[in-house]
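Participant: File protein16.cif follows (mmCIF, C-alpha atoms):
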data_final
loop_
_atom_site.label_atom_id
_atom_site.label_comp_id
_atom_site.auth_asym_id
_atom_site.auth_seq_id
_atom_site.Cartn_x
_atom_site.Cartn_y
_atom_site.Cartn_z
CA MET J 1 87.91 137.28 177.59
CA THR J 2 84.20 137.75 176.96
CA ASN J 3 82.12 134.71 176.04
CA HIS J 4 78.70 134.66 174.36
CA TYR J 5 76.38 131.88 175.48
CA GLN J 6 72.84 131.00 174.52
CA PHE J 7 70.57 129.00 176.80
CA GLU J 8 67.23 127.47 175.87
CA VAL J 9 65.03 127.91 178.93
CA ILE J 10 61.40 126.94 179.46
CA MET J 11 59.66 130.18 180.48
CA THR J 12 55.87 130.36 180.59
CA CYS J 13 55.34 133.95 181.72
CA SER J 14 57.00 137.27 182.46
CA GLY J 15 57.53 136.11 186.04
CA CYS J 16 59.86 133.41 184.71
CA SER J 17 61.90 135.85 182.63
CA ASN J 18 61.96 138.33 185.53
CA ALA J 19 63.44 135.67 187.82
CA ILE J 20 66.27 135.10 185.35
CA ASP J 21 66.72 138.86 184.95
CA ARG J 22 67.17 139.28 188.73
CA VAL J 23 69.81 136.53 188.86
CA LEU J 24 71.79 137.94 185.94
CA LYS J 25 71.71 141.49 187.37
CA ARG J 26 73.38 140.17 190.52
CA LEU J 27 76.26 138.87 188.37
CA GLU J 28 77.17 142.30 186.97
CA PRO J 29 79.87 143.36 186.06
CA ASP J 30 80.87 139.77 185.14
CA VAL J 31 77.77 139.68 182.91
CA SER J 32 78.12 142.62 180.53
CA LYS J 33 75.02 142.10 178.34
CA TYR J 34 72.06 139.78 178.20
CA VAL J 35 68.84 139.39 176.26
CA ILE J 36 65.98 137.30 177.61
CA SER J 37 63.40 136.32 174.97
CA LEU J 38 60.18 134.88 176.37
CA LYS J 39 58.92 134.41 172.80
CA LYS J 40 61.99 132.44 171.63
CA GLN J 41 62.53 130.79 175.02
CA THR J 42 66.20 131.84 174.97
CA VAL J 43 68.66 133.73 177.13
CA ASP J 44 71.69 135.22 175.33
CA ILE J 45 74.53 136.33 177.59
CA GLU J 46 77.92 138.02 177.24
CA THR J 47 80.07 137.28 180.25
CA THR J 48 83.54 136.56 181.54
CA LEU J 49 82.17 133.68 183.63
CA PRO J 50 82.25 130.03 182.54
CA LEU J 51 79.14 128.50 180.95
CA GLU J 52 78.68 126.13 183.90
CA THR J 53 78.44 129.04 186.36
CA ILE J 54 75.72 130.80 184.35
CA LEU J 55 73.88 127.51 183.81
CA SER J 56 73.88 126.84 187.55
CA LYS J 57 72.55 130.32 188.36
CA ILE J 58 69.70 129.98 185.84
CA GLN J 59 68.82 126.51 187.13
CA LYS J 60 68.64 127.84 190.71
CA THR J 61 65.65 129.97 189.62
CA GLY J 62 63.76 126.70 189.15
CA LYS J 63 63.53 127.11 185.37
CA GLU J 64 64.35 124.13 183.17
CA VAL J 65 67.30 124.66 180.84
CA THR J 66 66.85 122.40 177.81
CA GLY J 67 70.03 123.40 175.97
CA SER J 68 73.09 125.60 175.98
CA LYS J 69 75.76 126.55 173.49
CA VAL J 70 78.69 128.86 172.92
CA ILE J 71 78.07 131.45 170.20
CA GLU J 72 81.04 132.78 168.24
CA THR J 73 79.56 136.18 167.37
CA PRO J 74 79.18 138.97 169.93
CA LEU J 75 75.75 139.86 171.32
CA ILE J 76 74.44 143.04 169.71
#
Written as structure tokens, that's how I'd like the structure from this file.
Facilitator:
Amino acid sequence: MTNHYQFEVIMTCSGCSNAIDRVLKRLEPDVSKYVISLKKQTVDIETTLPLETILSKIQKTGKEVTGSKVIETPLI
């Protein structure tokens, strides 16, 4: 089953978003889609992995995650 999660992450520059991008690329094919928005400070992810796993991977980049939630609609 595919889950759609949204994380609120403090990112101050493209280096921050690139760090998250590198981590999520390593999780393919378990992460099927993702959108990192530096402007909105969000990371939207479609994955078969549990929320806690994705949260842990993002936190290991050193970025502060200020919120997370499960979204019912698929990521477009």
Participant: What does the PyMOL selection byres ((chain J and resi 16-31) around 6) select in this file, as a PDB file with C-alpha atoms, in the frame of the given file?
Facilitator:
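That gives us expr-v3.pdb:
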ATOM      1  CA  MET J  11      59.660 130.180 180.480  1.00  0.00           C
ATOM      2  CA  CYS J  13      55.340 133.950 181.720  1.00  0.00           C
ATOM      3  CA  SER J  14      57.000 137.270 182.460  1.00  0.00           C
ATOM      4  CA  GLY J  15      57.530 136.110 186.040  1.00  0.00           C
ATOM      5  CA  SER J  32      78.120 142.620 180.530  1.00  0.00           C
ATOM      6  CA  LYS J  33      75.020 142.100 178.340  1.00  0.00           C
ATOM      7  CA  GLU J  46      77.920 138.020 177.240  1.00  0.00           C
ATOM      8  CA  THR J  47      80.070 137.280 180.250  1.00  0.00           C
ATOM      9  CA  THR J  48      83.540 136.560 181.540  1.00  0.00           C
TER      10      THR J  48
END
Participant: Determine, counting only C-alpha atoms, which protein, DNA and RNA residues have an atom within 10 Å of an atom of J:Glu72; residues of the same chain fewer than 3 positions away are not included. Present the result as a PDB file with C-alpha atoms, in the coordinates of the input.
Facilitator:
ATOM      1  CA  ASN J   3      82.120 134.710 176.040  1.00  0.00           C
ATOM      2  CA  HIS J   4      78.700 134.660 174.360  1.00  0.00           C
ATOM      3  CA  TYR J   5      76.380 131.880 175.480  1.00  0.00           C
ATOM      4  CA  LYS J  69      75.760 126.550 173.490  1.00  0.00           C
ATOM      5  CA  LEU J  75      75.750 139.860 171.320  1.00  0.00           C
TER       6      LEU J  75
END
Participant: Which value, in Å to one decimal, gives the distance between atom CA of J:Leu55 and atom CA of J:Thr73?
Facilitator: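 Interatomic distance here is 19.4 Å.
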Participant: With only C-alpha atoms as the counted atoms, please give the residues lying no more than 7 Å from J:Asp44, apart from itself and same-chain residues fewer than 3 positions off, as a PDB file with C-alpha atoms, keeping the file's coordinate frame.
Facilitator:
ATOM      1  CA  TYR J   5      76.380 131.880 175.480  1.00  0.00           C
ATOM      2  CA  GLN J   6      72.840 131.000 174.520  1.00  0.00           C
ATOM      3  CA  PHE J   7      70.570 129.000 176.800  1.00  0.00           C
ATOM      4  CA  TYR J  34      72.060 139.780 178.200  1.00  0.00           C
ATOM      5  CA  VAL J  35      68.840 139.390 176.260  1.00  0.00           C
ATOM      6  CA  ILE J  36      65.980 137.300 177.610  1.00  0.00           C
TER       7      ILE J  36
END
Participant: Could you tell me how far atom CA of J:Thr12 lies from atom CA of J:Ile58, in Å and to one decimal?
Facilitator: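 Straight-line distance from atom CA of J:Thr12 to atom CA of J:Ile58 works out to 14.8 Å.
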Participant: What are the centre and edge lengths in Å, to one decimal, of the axis-aligned box around all listed atoms of stretch 19-34 of chain J with 5 Å added on each side, as lines of an AutoDock Vina configuration file?
Facilitator:
center_x = 72.2
center_y = 139.2
center_z = 184.4
size_x = 27.4
size_y = 18.3
size_z = 22.3
Participant: Between atom CA of J:Thr2 and atom CA of J:Ile54, measure the distance and give it in Å to one decimal.
Facilitator: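 Straight-line distance from atom CA of J:Thr2 to atom CA of J:Ile54 works out to 13.2 Å.
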Participant: May I ask which of the residues J:Met1, J:Val9, J:Val43, J:Pro50 is the closest one to J:Gly62, counting only C-alpha atoms?
Facilitator: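 Looking at the shortest contact to J:Gly62, the residue is J:Val9.
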Participant: Can you work out which one of J:Thr53, J:Ile71, J:Val65, J:Lys39 has the shortest atom-to-atom distance to J:Glu8, counting all atoms listed in the file?
Facilitator: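 Ranked by minimum distance to J:Glu8, first place goes to J:Val65.
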Participant: For stretch 1-12 of chain J, which lacks atoms in the input, supply all heavy atoms and format the output as an mmCIF file, in the frame of the given file.
Facilitator:
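Listed below is the output, part-v8.cif:
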data_model
loop_
_atom_site.group_PDB
_atom_site.id
_atom_site.type_symbol
_atom_site.label_atom_id
_atom_site.label_comp_id
_atom_site.auth_asym_id
_atom_site.auth_seq_id
_atom_site.Cartn_x
_atom_site.Cartn_y
_atom_site.Cartn_z
ATOM 1 N N MET J 1 88.529 137.564 178.867
ATOM 2 C CA MET J 1 87.910 137.280 177.590
ATOM 3 C C MET J 1 86.394 137.179 177.791
ATOM 4 O O MET J 1 85.920 136.543 178.721
ATOM 5 C CB MET J 1 88.442 135.977 177.021
ATOM 6 C CG MET J 1 87.868 135.627 175.687
ATOM 7 S SD MET J 1 88.690 134.169 175.033
ATOM 8 C CE MET J 1 87.293 133.289 174.437
ATOM 9 N N THR J 2 85.659 137.787 176.890
ATOM 10 C CA THR J 2 84.200 137.750 176.960
ATOM 11 C C THR J 2 83.675 136.585 176.130
ATOM 12 O O THR J 2 84.108 136.369 175.007
ATOM 13 C CB THR J 2 83.601 139.069 176.460
ATOM 14 O OG1 THR J 2 84.113 140.122 177.267
ATOM 15 C CG2 THR J 2 82.098 139.065 176.555
ATOM 16 N N ASN J 3 82.759 135.839 176.711
ATOM 17 C CA ASN J 3 82.120 134.710 176.040
ATOM 18 C C ASN J 3 80.665 135.056 175.759
ATOM 19 O O ASN J 3 80.045 135.811 176.512
ATOM 20 C CB ASN J 3 82.165 133.472 176.932
ATOM 21 C CG ASN J 3 83.563 133.100 177.317
ATOM 22 O OD1 ASN J 3 84.402 132.833 176.465
ATOM 23 N ND2 ASN J 3 83.849 133.089 178.601
ATOM 24 N N HIS J 4 80.118 134.490 174.692
ATOM 25 C CA HIS J 4 78.700 134.660 174.360
ATOM 26 C C HIS J 4 78.063 133.282 174.414
ATOM 27 O O HIS J 4 78.449 132.374 173.684
ATOM 28 C CB HIS J 4 78.558 135.275 172.961
ATOM 29 C CG HIS J 4 77.137 135.445 172.525
ATOM 30 N ND1 HIS J 4 76.819 135.765 171.243
ATOM 31 C CD2 HIS J 4 75.953 135.328 173.180
ATOM 32 C CE1 HIS J 4 75.493 135.849 171.133
ATOM 33 N NE2 HIS J 4 74.961 135.581 172.297
ATOM 34 N N TYR J 5 77.090 133.135 175.308
ATOM 35 C CA TYR J 5 76.380 131.880 175.480
ATOM 36 C C TYR J 5 74.901 132.076 175.153
ATOM 37 O O TYR J 5 74.354 133.161 175.338
ATOM 38 C CB TYR J 5 76.462 131.383 176.925
ATOM 39 C CG TYR J 5 77.852 131.249 177.476
ATOM 40 C CD1 TYR J 5 78.191 131.826 178.694
ATOM 41 C CD2 TYR J 5 78.835 130.539 176.799
ATOM 42 C CE1 TYR J 5 79.462 131.704 179.220
ATOM 43 C CE2 TYR J 5 80.104 130.409 177.314
ATOM 44 C CZ TYR J 5 80.421 130.996 178.531
ATOM 45 O OH TYR J 5 81.676 130.870 179.046
ATOM 46 N N GLN J 6 74.287 131.000 174.703
ATOM 47 C CA GLN J 6 72.840 131.000 174.520
ATOM 48 C C GLN J 6 72.271 129.784 175.244
ATOM 49 O O GLN J 6 72.763 128.667 175.079
ATOM 50 C CB GLN J 6 72.444 130.943 173.054
ATOM 51 C CG GLN J 6 70.930 131.041 172.861
ATOM 52 C CD GLN J 6 70.553 131.047 171.400
ATOM 53 O OE1 GLN J 6 70.639 130.021 170.741
ATOM 54 N NE2 GLN J 6 70.164 132.205 170.917
ATOM 55 N N PHE J 7 71.248 130.046 176.049
ATOM 56 C CA PHE J 7 70.570 129.000 176.800
ATOM 57 C C PHE J 7 69.133 128.912 176.332
ATOM 58 O O PHE J 7 68.489 129.934 176.126
ATOM 59 C CB PHE J 7 70.596 129.303 178.303
ATOM 60 C CG PHE J 7 71.980 129.346 178.879
ATOM 61 C CD1 PHE J 7 72.690 130.526 178.912
ATOM 62 C CD2 PHE J 7 72.569 128.200 179.373
ATOM 63 C CE1 PHE J 7 73.964 130.581 179.437
ATOM 64 C CE2 PHE J 7 73.852 128.238 179.897
ATOM 65 C CZ PHE J 7 74.552 129.434 179.928
ATOM 66 N N GLU J 8 68.643 127.698 176.163
ATOM 67 C CA GLU J 8 67.230 127.470 175.870
ATOM 68 C C GLU J 8 66.576 127.155 177.209
ATOM 69 O O GLU J 8 66.958 126.195 177.881
ATOM 70 C CB GLU J 8 67.070 126.304 174.901
ATOM 71 C CG GLU J 8 67.681 126.585 173.543
ATOM 72 C CD GLU J 8 67.715 125.363 172.648
ATOM 73 O OE1 GLU J 8 67.072 124.342 172.986
ATOM 74 O OE2 GLU J 8 68.401 125.424 171.627
ATOM 75 N N VAL J 9 65.631 128.010 177.602
ATOM 76 C CA VAL J 9 65.030 127.910 178.930
ATOM 77 C C VAL J 9 63.507 127.899 178.789
ATOM 78 O O VAL J 9 62.944 128.729 178.076
ATOM 79 C CB VAL J 9 65.451 129.108 179.812
ATOM 80 C CG1 VAL J 9 64.898 128.954 181.219
ATOM 81 C CG2 VAL J 9 66.969 129.260 179.844
ATOM 82 N N ILE J 10 62.860 126.978 179.474
ATOM 83 C CA ILE J 10 61.400 126.940 179.460
ATOM 84 C C ILE J 10 60.879 128.051 180.379
ATOM 85 O O ILE J 10 61.114 128.029 181.592
ATOM 86 C CB ILE J 10 60.870 125.564 179.904
ATOM 87 C CG1 ILE J 10 61.306 124.507 178.891
ATOM 88 C CG2 ILE J 10 59.351 125.595 180.051
ATOM 89 C CD1 ILE J 10 60.936 123.094 179.247
ATOM 90 N N MET J 11 60.238 129.039 179.763
ATOM 91 C CA MET J 11 59.660 130.180 180.480
ATOM 92 C C MET J 11 58.218 130.324 180.019
ATOM 93 O O MET J 11 57.966 130.445 178.827
ATOM 94 C CB MET J 11 60.442 131.458 180.173
ATOM 95 C CG MET J 11 61.901 131.421 180.573
ATOM 96 S SD MET J 11 62.802 132.921 180.121
ATOM 97 C CE MET J 11 63.120 132.605 178.366
ATOM 98 N N THR J 12 57.286 130.309 180.959
ATOM 99 C CA THR J 12 55.870 130.360 180.590
ATOM 100 C C THR J 12 55.239 131.735 180.771
ATOM 101 O O THR J 12 54.134 131.954 180.277
ATOM 102 C CB THR J 12 55.071 129.329 181.426
ATOM 103 O OG1 THR J 12 55.268 129.614 182.813
ATOM 104 C CG2 THR J 12 55.529 127.909 181.116
#
